[in-house]
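The next block holds one structure in the form of structure tokens; read it before the comments.
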Amino acid sequence: WRKLFKGPLVVQRHLAKQVLAPEELILLSDIVKQWRHRLADISWFMRCLNEPIARMANREDKCTGRFFEGRFKSQALLDERALLSCMAYVDLNPIRASMAKTPETSDYTSIQERLGIKPANTPKPNESHQDTSKSALSLAELMPFAGRESHNTSADHIPFHLSAYLELVDWTGRAIRNDKRGVINNSLPSILERLNIPSTDWLESCCHIESQFS
């Protein structure tokens with residue numbers, strides 16, 4: 001934290017090993033507690049990340065003012081529909097940006113990790129000193145899908161079958177994008193039928209997730 005912020009005078013005096021009065025020690029303790037809290041605060045993390053980028057961009061453009069619309073957005077996913085909408089929204093981002101043609105070729109996405117596919121530009125073992133255990137750790141941290149078709153809502157897994165989610169993401173990508181091959185079939189994916197979500201409502205959820213689940 002001290003590498004990013006200079007800190008109040010009492011902190012500077014403490015680091016200079018100067019003797020502090022009892023009242024100053026109490027103030028110092030409060031400051032340390034506040035800093036520790038901020039180290040776990042995503043809002044402060046985004047502030048520290050965005051501010052230098054904004055300053056650099058303003059210098060390049062020779063202007064002043066806000067560069068980012070906001071630090072981040074936090075939305076509650078209160079049911080299965082919101083959860084699946086958000087997951088599909090994120091997994092389809094590379095396709096929306098024309099960076100990939102299919103979910104399985106969308107590098108560095110959770111859906112690609114669930115399929116066990118390595119990104120196309122992953123360095124070979126002899127070209128990188130990175131610990132190979134990190135990729136396994138990343139996959140292990142993903143919330144697993146249920147092992148079978150189930151409406152079990154326990155917190156240790158996502159209560160849907162992975163194959164149904166893959167079908168859902170692929171179908172959603174084809175349905176929303178006009179330049180994708182294929183059309184919406186008359187029979188909807190089974191996961192939509194289980195959730196009783198009409199196709200038009202599902203597409204509306206994926207297209208406008210930021211306003212639907214605020």
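The chains in the structure tokens are called A, B, ... from first to last as shown; in each chain the residues are counted from 1, and the ligands are counted from 1 in the order shown.
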Worksheet item: Counting only C-alpha atoms, what is within 7 Å of Pro144 in chain A, bar same-chain residues fewer than 2 positions away, as a PyMOL selection string?
Response: chain A and resi 142+146+157-158
Fill in: Distance of CA of Val169 in chain A from CA of Leu92 in chain A, expressed in Å to one decimal place
7.4 Å
Practice prompt. Can you work out the spacing between CA of Ser110 in chain A and CA of Met143 in chain A in Å, to one decimal?
Written response: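 Taking CA of Ser110 in chain A as the start and CA of Met143 in chain A as the end point, the length is 10.1 Å.
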Worksheet item: Taking into account only C-alpha atoms, which residue in the set A:Met87, A:Asn93, A:Thr172, A:Val10 is nearest to Asp30 in chain A?
Response: A:Val10
Worksheet entry | Separation of CA of Arg96 in chain A from CA of Leu166 in chain A, in Å and rounded to one decimal |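 A separation of 16.6 Å between them.
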Worksheet item: Counting only C-alpha atoms, which of A:Gly7, A:Pro159, A:Gly173, A:Gly65 gets nearest to Ala88 in chain A?
Response: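 That would be A:Gly173, the residue with the smallest distance to Ala88 in chain A.
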